[in-house]
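As provided, query-v8.cif (mmCIF, C-alpha atoms) reads as follows.
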data_model
loop_
_atom_site.label_atom_id
_atom_site.label_comp_id
_atom_site.auth_asym_id
_atom_site.auth_seq_id
_atom_site.Cartn_x
_atom_site.Cartn_y
_atom_site.Cartn_z
CA MET A 198 49.66 17.69 -13.36
CA GLN A 199 46.02 18.45 -14.06
CA THR A 200 43.53 15.94 -12.70
CA GLU A 201 40.84 14.72 -15.08
CA LYS A 202 37.30 15.85 -14.26
CA TRP A 203 34.54 13.33 -14.73
CA LEU A 204 31.03 14.29 -15.78
CA ILE A 205 29.40 11.70 -13.47
CA GLU A 206 31.05 9.94 -10.58
CA ILE A 207 29.26 6.88 -9.20
CA GLY A 208 30.01 6.09 -5.58
CA PRO A 209 28.41 4.95 -2.33
CA ARG A 210 25.91 7.22 -0.61
CA LYS A 211 27.38 9.51 2.00
CA SER A 212 24.19 9.76 4.02
CA LEU A 213 21.80 6.99 4.97
CA PHE A 214 18.94 9.51 4.90
CA SER A 215 19.76 10.52 1.34
CA ILE A 216 17.17 10.24 -1.41
CA ASN A 217 18.38 12.09 -4.47
CA LEU A 218 15.17 13.41 -5.99
CA ARG A 219 17.07 15.34 -8.64
CA GLU A 220 18.77 12.16 -9.83
CA ILE A 221 15.47 10.27 -9.81
CA TRP A 222 13.95 13.05 -11.91
CA ARG A 223 16.78 12.67 -14.42
CA TYR A 224 15.82 9.00 -14.75
CA LYS A 225 12.10 9.76 -15.04
CA ASP A 226 11.91 8.05 -18.45
CA LEU A 227 13.26 4.86 -16.91
CA LEU A 228 10.79 5.24 -14.03
CA LEU A 229 7.88 5.51 -16.47
CA LEU A 230 9.22 2.48 -18.35
CA PHE A 231 9.20 0.40 -15.16
CA VAL A 232 5.69 1.61 -14.34
CA LYS A 233 4.50 0.51 -17.78
CA ARG A 234 6.27 -2.82 -17.32
CA ASP A 235 4.59 -3.42 -13.97
CA ILE A 236 1.15 -2.74 -15.43
CA VAL A 237 1.52 -4.62 -18.73
CA THR A 238 3.42 -7.73 -17.66
CA LYS A 239 1.45 -8.56 -14.51
CA TYR A 240 -1.44 -10.19 -16.38
CA LYS A 241 0.28 -10.71 -19.72
CA GLN A 242 -0.65 -13.96 -21.49
CA THR A 243 -3.71 -14.40 -19.27
CA ILE A 244 -7.16 -14.95 -20.75
CA LEU A 245 -8.92 -12.20 -18.82
CA GLY A 246 -5.97 -9.80 -18.68
CA PRO A 247 -6.69 -6.46 -16.91
CA LEU A 248 -10.13 -7.74 -15.88
CA TRP A 249 -8.36 -9.38 -12.94
CA TYR A 250 -8.03 -5.86 -11.52
CA LEU A 251 -11.83 -5.91 -11.18
CA ILE A 252 -12.50 -9.58 -10.49
CA GLN A 253 -10.27 -9.87 -7.44
CA PRO A 254 -11.88 -7.15 -5.26
CA LEU A 255 -15.41 -8.07 -6.38
CA PHE A 256 -15.06 -11.78 -5.61
CA THR A 257 -13.30 -11.04 -2.32
CA SER A 258 -16.12 -8.68 -1.32
CA VAL A 259 -18.74 -11.31 -2.12
CA ILE A 260 -16.90 -13.95 -0.04
CA PHE A 261 -16.41 -11.56 2.88
CA THR A 262 -20.09 -10.64 2.73
CA LEU A 263 -21.16 -14.29 2.84
CA VAL A 264 -18.72 -15.34 5.58
CA PHE A 265 -18.37 -12.37 7.91
CA ASN A 266 -21.72 -10.64 7.50
CA ASN A 267 -24.20 -13.40 6.71
CA LEU A 268 -22.65 -16.29 8.66
CA ALA A 269 -20.74 -14.49 11.43
CA ASN A 270 -23.40 -11.75 11.57
CA ILE A 271 -20.91 -8.86 11.80
CA SER A 272 -22.76 -5.55 11.71
CA THR A 273 -21.72 -2.72 9.40
CA ASN A 274 -23.78 0.02 11.11
CA GLY A 275 -26.43 0.20 8.40
CA ILE A 276 -24.03 0.27 5.45
CA PRO A 277 -24.80 -2.38 2.77
CA PHE A 278 -22.56 -5.37 3.48
CA PHE A 279 -21.14 -5.70 -0.02
CA LEU A 280 -20.40 -1.98 -0.33
CA PHE A 281 -18.76 -1.90 3.12
CA ASN A 282 -16.44 -4.77 2.17
CA LEU A 283 -15.70 -3.42 -1.31
CA CYS A 284 -14.70 -0.05 0.16
CA SER A 285 -12.38 -1.66 2.71
CA ILE A 286 -10.81 -4.07 0.24
CA THR A 287 -10.21 -1.34 -2.36
CA ALA A 288 -8.21 0.66 0.19
CA TRP A 289 -6.47 -2.38 1.68
CA ASN A 290 -5.41 -3.78 -1.71
CA TYR A 291 -3.40 -0.65 -2.51
CA PHE A 292 -1.41 -0.90 0.71
CA LYS A 293 -1.02 -4.68 0.42
CA ASP A 294 0.22 -4.55 -3.19
CA CYS A 295 2.68 -1.75 -2.39
CA LEU A 296 4.05 -3.75 0.54
CA THR A 297 4.29 -7.19 -1.08
CA GLU A 298 5.66 -5.98 -4.42
CA THR A 299 8.39 -3.81 -2.86
CA SER A 300 9.35 -6.42 -0.26
CA ASP A 301 11.47 -8.36 -2.79
CA THR A 302 12.95 -5.42 -4.70
CA PHE A 303 16.57 -6.57 -4.43
CA LYS A 304 15.85 -10.25 -5.00
CA LYS A 305 13.54 -9.72 -7.99
CA ASN A 306 15.84 -7.22 -9.73
CA GLU A 307 19.26 -8.62 -8.86
CA ALA A 308 20.09 -9.31 -12.52
CA ILE A 309 19.41 -5.68 -13.51
CA PHE A 310 21.09 -4.19 -10.44
CA GLY A 311 24.25 -6.18 -11.10
CA LYS A 312 24.65 -4.95 -14.69
CA VAL A 313 23.72 -1.28 -14.92
CA TYR A 314 23.57 1.73 -12.63
CA PHE A 315 20.45 3.76 -11.94
CA PRO A 316 18.95 5.04 -8.69
CA ARG A 317 17.79 1.87 -6.93
CA ALA A 318 14.88 3.72 -5.32
CA ILE A 319 13.28 3.91 -8.77
CA MET A 320 12.19 0.27 -8.49
CA PRO A 321 10.01 0.58 -5.34
CA ILE A 322 8.75 4.00 -6.46
CA SER A 323 7.59 2.51 -9.76
CA VAL A 324 5.63 -0.11 -7.82
CA ILE A 325 3.87 2.60 -5.80
CA ILE A 326 2.89 4.50 -8.96
CA SER A 327 1.73 1.45 -10.93
CA ASN A 328 -0.38 0.26 -8.00
CA LEU A 329 -1.84 3.76 -7.71
CA ILE A 330 -3.17 3.34 -11.25
CA LYS A 331 -4.61 -0.04 -10.28
CA PHE A 332 -6.16 1.54 -7.18
CA GLY A 333 -7.74 4.22 -9.38
CA ILE A 334 -9.41 1.55 -11.53
CA GLN A 335 -10.73 -0.35 -8.51
CA PHE A 336 -11.91 2.85 -6.84
CA PHE A 337 -13.84 3.74 -10.00
CA ILE A 338 -15.59 0.36 -9.83
CA PHE A 339 -16.40 1.01 -6.17
CA LEU A 340 -17.92 4.38 -7.13
CA CYS A 341 -20.11 2.66 -9.72
CA PHE A 342 -21.51 0.31 -7.08
CA TYR A 343 -21.78 3.22 -4.65
CA LEU A 344 -23.98 5.15 -7.11
CA TYR A 345 -26.05 2.01 -7.71
CA PHE A 346 -26.84 1.76 -3.99
CA VAL A 347 -27.58 5.49 -3.89
CA PHE A 348 -30.18 5.01 -6.64
CA LYS A 349 -31.54 2.12 -4.59
CA GLY A 350 -32.22 4.49 -1.70
CA MET A 351 -28.96 4.77 0.25
CA SER A 352 -28.32 8.34 1.43
CA LEU A 353 -25.44 10.30 -0.11
CA GLU A 354 -23.98 12.84 2.32
CA LEU A 355 -20.43 13.73 1.35
CA THR A 356 -18.86 16.50 3.44
CA SER A 357 -15.70 18.59 3.38
CA SER A 358 -13.87 15.69 5.08
CA ILE A 359 -13.45 14.20 1.60
CA ALA A 360 -10.37 16.45 1.41
CA TYR A 361 -8.66 13.91 3.69
CA LEU A 362 -8.86 11.18 1.04
CA PRO A 363 -5.64 12.16 -0.82
CA ILE A 364 -3.82 12.18 2.54
CA LEU A 365 -5.05 8.67 3.32
CA ILE A 366 -4.10 7.38 -0.14
CA PHE A 367 -0.65 8.97 0.08
CA SER A 368 -0.14 7.51 3.56
CA MET A 369 -1.06 4.01 2.35
CA GLY A 370 1.55 4.24 -0.39
CA MET A 371 4.24 5.64 1.89
CA LEU A 372 3.52 3.08 4.61
CA GLY A 373 3.65 0.21 2.13
CA LEU A 374 6.85 1.66 0.63
CA GLY A 375 8.54 2.05 4.01
CA MET A 376 7.66 -1.44 5.23
CA GLY A 377 8.52 -2.91 1.83
CA MET A 378 11.99 -1.32 1.83
CA ILE A 379 12.65 -2.68 5.32
CA ILE A 380 11.66 -6.21 4.32
CA SER A 381 13.44 -6.13 0.93
CA SER A 382 16.66 -5.05 2.61
CA MET A 383 16.43 -7.83 5.19
CA VAL A 384 15.57 -10.46 2.56
CA THR A 385 19.06 -10.04 1.08
CA LYS A 386 20.41 -11.83 4.19
CA TYR A 387 17.39 -13.65 5.58
CA ARG A 388 15.55 -15.45 2.78
CA ASP A 389 13.01 -16.88 5.25
CA LEU A 390 11.25 -13.51 5.29
CA THR A 391 9.91 -14.11 1.79
CA PHE A 392 7.81 -16.99 3.15
CA LEU A 393 6.58 -14.95 6.10
CA VAL A 394 5.44 -11.90 4.12
CA SER A 395 2.25 -13.43 2.72
CA PHE A 396 1.27 -14.83 6.11
CA GLY A 397 2.14 -11.57 7.88
CA VAL A 398 0.11 -9.49 5.42
CA GLN A 399 -2.90 -11.76 5.89
CA LEU A 400 -2.62 -11.45 9.67
CA LEU A 401 -2.20 -7.67 9.39
CA MET A 402 -5.42 -7.46 7.38
CA TYR A 403 -7.42 -8.89 10.28
CA LEU A 404 -5.68 -6.47 12.66
CA SER A 405 -6.55 -3.48 10.44
CA ALA A 406 -10.36 -3.58 10.76
CA VAL A 407 -10.83 -4.42 7.08
CA VAL A 408 -13.77 -6.79 7.56
CA TYR A 409 -15.34 -5.23 10.64
CA PRO A 410 -15.85 -1.79 12.24
CA VAL A 411 -13.45 -0.82 15.03
CA GLU A 412 -16.34 -0.49 17.50
CA LEU A 413 -16.81 -4.26 17.31
CA VAL A 414 -13.34 -4.91 18.74
CA ILE A 415 -13.74 -2.23 21.41
CA ASN A 416 -17.01 -3.81 22.58
CA LYS A 417 -15.99 -7.47 22.29
CA ILE A 418 -12.38 -7.48 23.51
CA PRO A 419 -11.67 -4.08 25.11
CA LYS A 420 -8.53 -5.40 26.83
CA TYR A 421 -6.76 -6.03 23.53
CA SER A 422 -8.54 -3.49 21.34
CA TRP A 423 -5.50 -1.18 21.47
CA ILE A 424 -3.70 -3.56 19.09
CA VAL A 425 -6.24 -2.70 16.42
CA GLU A 426 -6.92 0.91 17.42
CA TYR A 427 -3.27 2.03 17.28
CA ASN A 428 -2.56 0.23 14.03
CA PRO A 429 -2.01 3.04 11.46
CA MET A 430 -3.72 1.00 8.75
CA THR A 431 -6.80 0.71 10.97
CA ILE A 432 -6.96 4.50 11.09
CA VAL A 433 -6.62 4.65 7.30
CA ILE A 434 -9.30 2.03 6.62
CA GLU A 435 -11.74 3.33 9.24
CA ASN A 436 -11.43 6.95 8.13
CA PHE A 437 -11.64 5.92 4.48
CA ARG A 438 -15.02 4.36 5.24
CA ASN A 439 -16.11 7.27 7.44
CA ILE A 440 -15.40 9.77 4.66
CA VAL A 441 -17.04 7.78 1.88
CA PHE A 442 -20.14 6.80 3.87
CA ASN A 443 -20.19 9.83 6.18
CA SER A 444 -20.75 7.33 9.02
CA SER A 445 -18.63 9.25 11.54
CA SER A 446 -16.52 12.39 11.79
CA VAL A 447 -12.81 12.28 10.97
CA ASN A 448 -10.58 12.54 14.02
CA THR A 449 -7.76 14.96 13.21
CA TYR A 450 -5.56 13.62 16.02
CA ASP A 451 -5.85 10.10 14.61
CA ILE A 452 -4.82 11.41 11.19
CA LEU A 453 -1.80 13.21 12.65
CA TYR A 454 -0.81 10.07 14.59
CA MET A 455 -1.12 7.99 11.42
CA ILE A 456 1.00 10.47 9.43
CA ALA A 457 3.68 10.51 12.15
CA ILE A 458 3.91 6.70 12.26
CA THR A 459 3.97 6.54 8.46
CA LEU A 460 6.85 9.02 8.22
CA ILE A 461 8.81 7.21 10.95
CA ILE A 462 8.43 3.85 9.18
CA PHE A 463 9.30 5.42 5.82
CA PHE A 464 12.52 7.01 7.09
CA ILE A 465 13.53 3.81 8.89
CA GLY A 466 12.93 1.95 5.63
CA LEU A 467 14.93 4.56 3.71
CA VAL A 468 17.90 4.22 6.06
CA ILE A 469 17.90 0.42 5.89
CA PHE A 470 17.37 0.45 2.11
CA ASN A 471 20.29 2.85 1.54
CA LYS A 472 22.51 0.76 3.78
CA ALA A 473 21.59 -2.50 2.05
CA GLU A 474 22.05 -0.90 -1.38
CA LYS A 475 25.81 -0.56 -0.81
CA SER A 476 26.47 -4.26 -0.28
CA PHE A 477 23.42 -6.27 -1.29
CA ILE A 478 25.02 -7.53 -4.51
CA ASP A 479 27.55 -9.46 -2.39
CA THR A 480 24.90 -11.14 -0.23
CA ILE A 481 21.91 -11.64 -2.54
#

As structure tokens:
Amino acid sequence: MQTEKWLIEIGPRKSLFSINLREIWRYKDLLLLFVKRDIVTKYKQTILGPLWYLIQPLFTSVIFTLVFNNLANISTNGIPFFLFNLCSITAWNYFKDCLTETSDTFKKNEAIFGKVYFPRAIMPISVIISNLIKFGIQFFIFLCFYLYFVFKGMSLELTSSIAYLPILIFSMGMLGLGMGMIISSMVTKYRDLTFLVSFGVQLLMYLSAVVYPVELVINKIPKYSWIVEYNPMTIVIENFRNIVFNSSSVNTYDILYMIAITLIIFFIGLVIFNKAEKSFIDTI
């Protein structure tokens, strides 16, 4: 008796480390559709629409400048306060959006996941790509203000270290993706995590040297400065500023440490995500 051969057989993953890039590529049209959905629907039916991409970092930079630089008198080592904050917030927003928007992947898409099959990893990947487009818009606005301050007399001294920028941007996306997959997988059983994410992200921002230079922590509280120094997002933010403003040289060992931590968190997230994918529909 001849057994029937199926064209496609859908079954559970055999390896927790598996990420089928070939299958994701086959669903690239669906991936692009989700990217378009993420961009279009976020501010749909709002008065200002895509202008919120610009308003949020600009207003946040102004508030940070007033509170942390003018009132708290935090030094930025000669860099204009507003530009320092706008640079930090532009980088931080990409990581934050990748983390928060992938942290409820299973919960937000349970209706789709329960009806049709497609590689589940497409959902968090689409978030990373759509937020990369948003980051590009905000980074362009930062460059406009950067050129304005250059015309006002600020020195422009870009060096070859600018080649590290794509690595930092990629690391932010991968780090947000890894942490988001961990949280989204745990949310299927522990709903309380959804309430802790926003608070945790806010706390992480203050531990990532977004509103102050790392030297401030080292000088003020040297005993606990390691909490900030060894935070991979601190390395990303600090080096992002160092490259753009040429305020200090890029430490290659810090970059390698950041990449190592990012890859570890990503693979841990991948393992947990693949494990949760098999049974989440029963627990969500």

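The closest residue to Ser445 of chain A, picked from A:Ser323, A:Asn274, A:Thr459, A:Thr262 and counting all atoms listed in the file, is A:Asn274.
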
Can you turn the PyMOL selection byres ((chain A and resi 258) around 10) into a concrete residue list for this file, as JSON, numbers by chain? {"A": [252, 253, 254, 255, 256, 257, 259, 260, 261, 262, 263, 264, 278, 279, 280, 281, 282, 283, 284, 285, 286, 287, 408]}

Determine, counting only C-alpha atoms, which protein, DNA and RNA residues have an atom within 10 Å of an atom of Val447 of chain A; residues of the same chain fewer than 2 positions away are not included. Present the result as a ChimeraX atom specification. /A:358-359,361,432,435-437,439-440,443-445,449-452

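For the choices A:Leu329, A:Leu393, A:Leu372, A:Leu229, the atom-to-atom distance to Pro429 of chain A is smallest for A:Leu372 when using only C-alpha atoms.
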
Measuring between only C-alpha atoms, which one of A:Arg317, A:Lys472, A:Lys293, A:Arg219 shows the shortest distance to Phe231 of chain A? A:Arg317

In Å, rounded to a single decimal, give me how far atom CA of Asn428 of chain A is from atom CA of Ile462 of chain A. 12.5 Å

Could you tell me which of A:Ile338, A:Leu400, A:Met455, A:Ile319 comes closest to Trp222 of chain A if we count all atoms listed in the file?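 Among the listed residues, A:Ile319 lies closest to Trp222 of chain A.
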
How would segment 435-461 of chain A read, as a PDB file, keeping the file's coordinate frame, once N, CA and C atoms are built in?
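New file selection24.pdb:
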ATOM      1  N   GLU A 435     -10.542   2.834   8.553  1.00  0.00           N
ATOM      2  CA  GLU A 435     -11.740   3.330   9.240  1.00  0.00           C
ATOM      3  C   GLU A 435     -12.119   4.722   8.751  1.00  0.00           C
ATOM      4  N   ASN A 436     -11.139   5.600   8.604  1.00  0.00           N
ATOM      5  CA  ASN A 436     -11.430   6.950   8.130  1.00  0.00           C
ATOM      6  C   ASN A 436     -11.803   6.966   6.655  1.00  0.00           C
ATOM      7  N   PHE A 437     -11.256   6.049   5.888  1.00  0.00           N
ATOM      8  CA  PHE A 437     -11.640   5.920   4.480  1.00  0.00           C
ATOM      9  C   PHE A 437     -13.135   5.619   4.386  1.00  0.00           C
ATOM     10  N   ARG A 438     -13.594   4.688   5.220  1.00  0.00           N
ATOM     11  CA  ARG A 438     -15.020   4.360   5.240  1.00  0.00           C
ATOM     12  C   ARG A 438     -15.847   5.512   5.782  1.00  0.00           C
ATOM     13  N   ASN A 439     -15.363   6.160   6.846  1.00  0.00           N
ATOM     14  CA  ASN A 439     -16.110   7.270   7.440  1.00  0.00           C
ATOM     15  C   ASN A 439     -16.322   8.407   6.446  1.00  0.00           C
ATOM     16  N   ILE A 440     -15.299   8.677   5.641  1.00  0.00           N
ATOM     17  CA  ILE A 440     -15.400   9.770   4.660  1.00  0.00           C
ATOM     18  C   ILE A 440     -16.370   9.400   3.547  1.00  0.00           C
ATOM     19  N   VAL A 441     -16.224   8.193   3.017  1.00  0.00           N
ATOM     20  CA  VAL A 441     -17.040   7.780   1.880  1.00  0.00           C
ATOM     21  C   VAL A 441     -18.512   7.634   2.266  1.00  0.00           C
ATOM     22  N   PHE A 442     -18.761   7.052   3.449  1.00  0.00           N
ATOM     23  CA  PHE A 442     -20.140   6.800   3.870  1.00  0.00           C
ATOM     24  C   PHE A 442     -20.669   7.851   4.841  1.00  0.00           C
ATOM     25  N   ASN A 443     -19.802   8.802   5.222  1.00  0.00           N
ATOM     26  CA  ASN A 443     -20.190   9.830   6.180  1.00  0.00           C
ATOM     27  C   ASN A 443     -20.814   9.203   7.434  1.00  0.00           C
ATOM     28  N   SER A 444     -20.214   8.068   7.876  1.00  0.00           N
ATOM     29  CA  SER A 444     -20.750   7.330   9.020  1.00  0.00           C
ATOM     30  C   SER A 444     -20.247   7.888  10.348  1.00  0.00           C
ATOM     31  N   SER A 445     -19.172   8.656  10.325  1.00  0.00           N
ATOM     32  CA  SER A 445     -18.630   9.250  11.540  1.00  0.00           C
ATOM     33  C   SER A 445     -17.684  10.379  11.144  1.00  0.00           C
ATOM     34  N   SER A 446     -17.419  11.273  12.079  1.00  0.00           N
ATOM     35  CA  SER A 446     -16.520  12.390  11.790  1.00  0.00           C
ATOM     36  C   SER A 446     -15.062  11.923  11.793  1.00  0.00           C
ATOM     37  N   VAL A 447     -14.240  12.602  11.039  1.00  0.00           N
ATOM     38  CA  VAL A 447     -12.810  12.280  10.970  1.00  0.00           C
ATOM     39  C   VAL A 447     -12.097  12.897  12.152  1.00  0.00           C
ATOM     40  N   ASN A 448     -11.335  12.071  12.856  1.00  0.00           N
ATOM     41  CA  ASN A 448     -10.580  12.540  14.020  1.00  0.00           C
ATOM     42  C   ASN A 448      -9.215  13.048  13.552  1.00  0.00           C
ATOM     43  N   THR A 449      -9.009  14.360  13.683  1.00  0.00           N
ATOM     44  CA  THR A 449      -7.760  14.960  13.210  1.00  0.00           C
ATOM     45  C   THR A 449      -6.548  14.421  13.949  1.00  0.00           C
ATOM     46  N   TYR A 450      -6.683  14.151  15.237  1.00  0.00           N
ATOM     47  CA  TYR A 450      -5.560  13.620  16.020  1.00  0.00           C
ATOM     48  C   TYR A 450      -5.166  12.227  15.536  1.00  0.00           C
ATOM     49  N   ASP A 451      -6.153  11.424  15.158  1.00  0.00           N
ATOM     50  CA  ASP A 451      -5.850  10.100  14.610  1.00  0.00           C
ATOM     51  C   ASP A 451      -5.090  10.227  13.290  1.00  0.00           C
ATOM     52  N   ILE A 452      -5.500  11.190  12.470  1.00  0.00           N
ATOM     53  CA  ILE A 452      -4.820  11.410  11.190  1.00  0.00           C
ATOM     54  C   ILE A 452      -3.375  11.834  11.418  1.00  0.00           C
ATOM     55  N   LEU A 453      -3.163  12.745  12.362  1.00  0.00           N
ATOM     56  CA  LEU A 453      -1.800  13.210  12.650  1.00  0.00           C
ATOM     57  C   LEU A 453      -0.936  12.074  13.200  1.00  0.00           C
ATOM     58  N   TYR A 454      -1.534  11.234  14.052  1.00  0.00           N
ATOM     59  CA  TYR A 454      -0.810  10.070  14.590  1.00  0.00           C
ATOM     60  C   TYR A 454      -0.426   9.130  13.452  1.00  0.00           C
ATOM     61  N   MET A 455      -1.369   8.881  12.545  1.00  0.00           N
ATOM     62  CA  MET A 455      -1.120   7.990  11.420  1.00  0.00           C
ATOM     63  C   MET A 455      -0.010   8.540  10.525  1.00  0.00           C
ATOM     64  N   ILE A 456      -0.037   9.849  10.262  1.00  0.00           N
ATOM     65  CA  ILE A 456       1.000  10.470   9.430  1.00  0.00           C
ATOM     66  C   ILE A 456       2.367  10.359  10.091  1.00  0.00           C
ATOM     67  N   ALA A 457       2.413  10.582  11.410  1.00  0.00           N
ATOM     68  CA  ALA A 457       3.680  10.510  12.150  1.00  0.00           C
ATOM     69  C   ALA A 457       4.269   9.100  12.075  1.00  0.00           C
ATOM     70  N   ILE A 458       3.436   8.079  12.311  1.00  0.00           N
ATOM     71  CA  ILE A 458       3.910   6.700  12.260  1.00  0.00           C
ATOM     72  C   ILE A 458       4.367   6.344  10.844  1.00  0.00           C
ATOM     73  N   THR A 459       3.618   6.810   9.852  1.00  0.00           N
ATOM     74  CA  THR A 459       3.970   6.540   8.460  1.00  0.00           C
ATOM     75  C   THR A 459       5.328   7.128   8.108  1.00  0.00           C
ATOM     76  N   LEU A 460       5.569   8.367   8.514  1.00  0.00           N
ATOM     77  CA  LEU A 460       6.850   9.020   8.220  1.00  0.00           C
ATOM     78  C   LEU A 460       8.008   8.321   8.939  1.00  0.00           C
ATOM     79  N   ILE A 461       7.766   7.914  10.188  1.00  0.00           N
ATOM     80  CA  ILE A 461       8.810   7.210  10.950  1.00  0.00           C
ATOM     81  C   ILE A 461       9.187   5.908  10.245  1.00  0.00           C
TER      82      ILE A 461
END
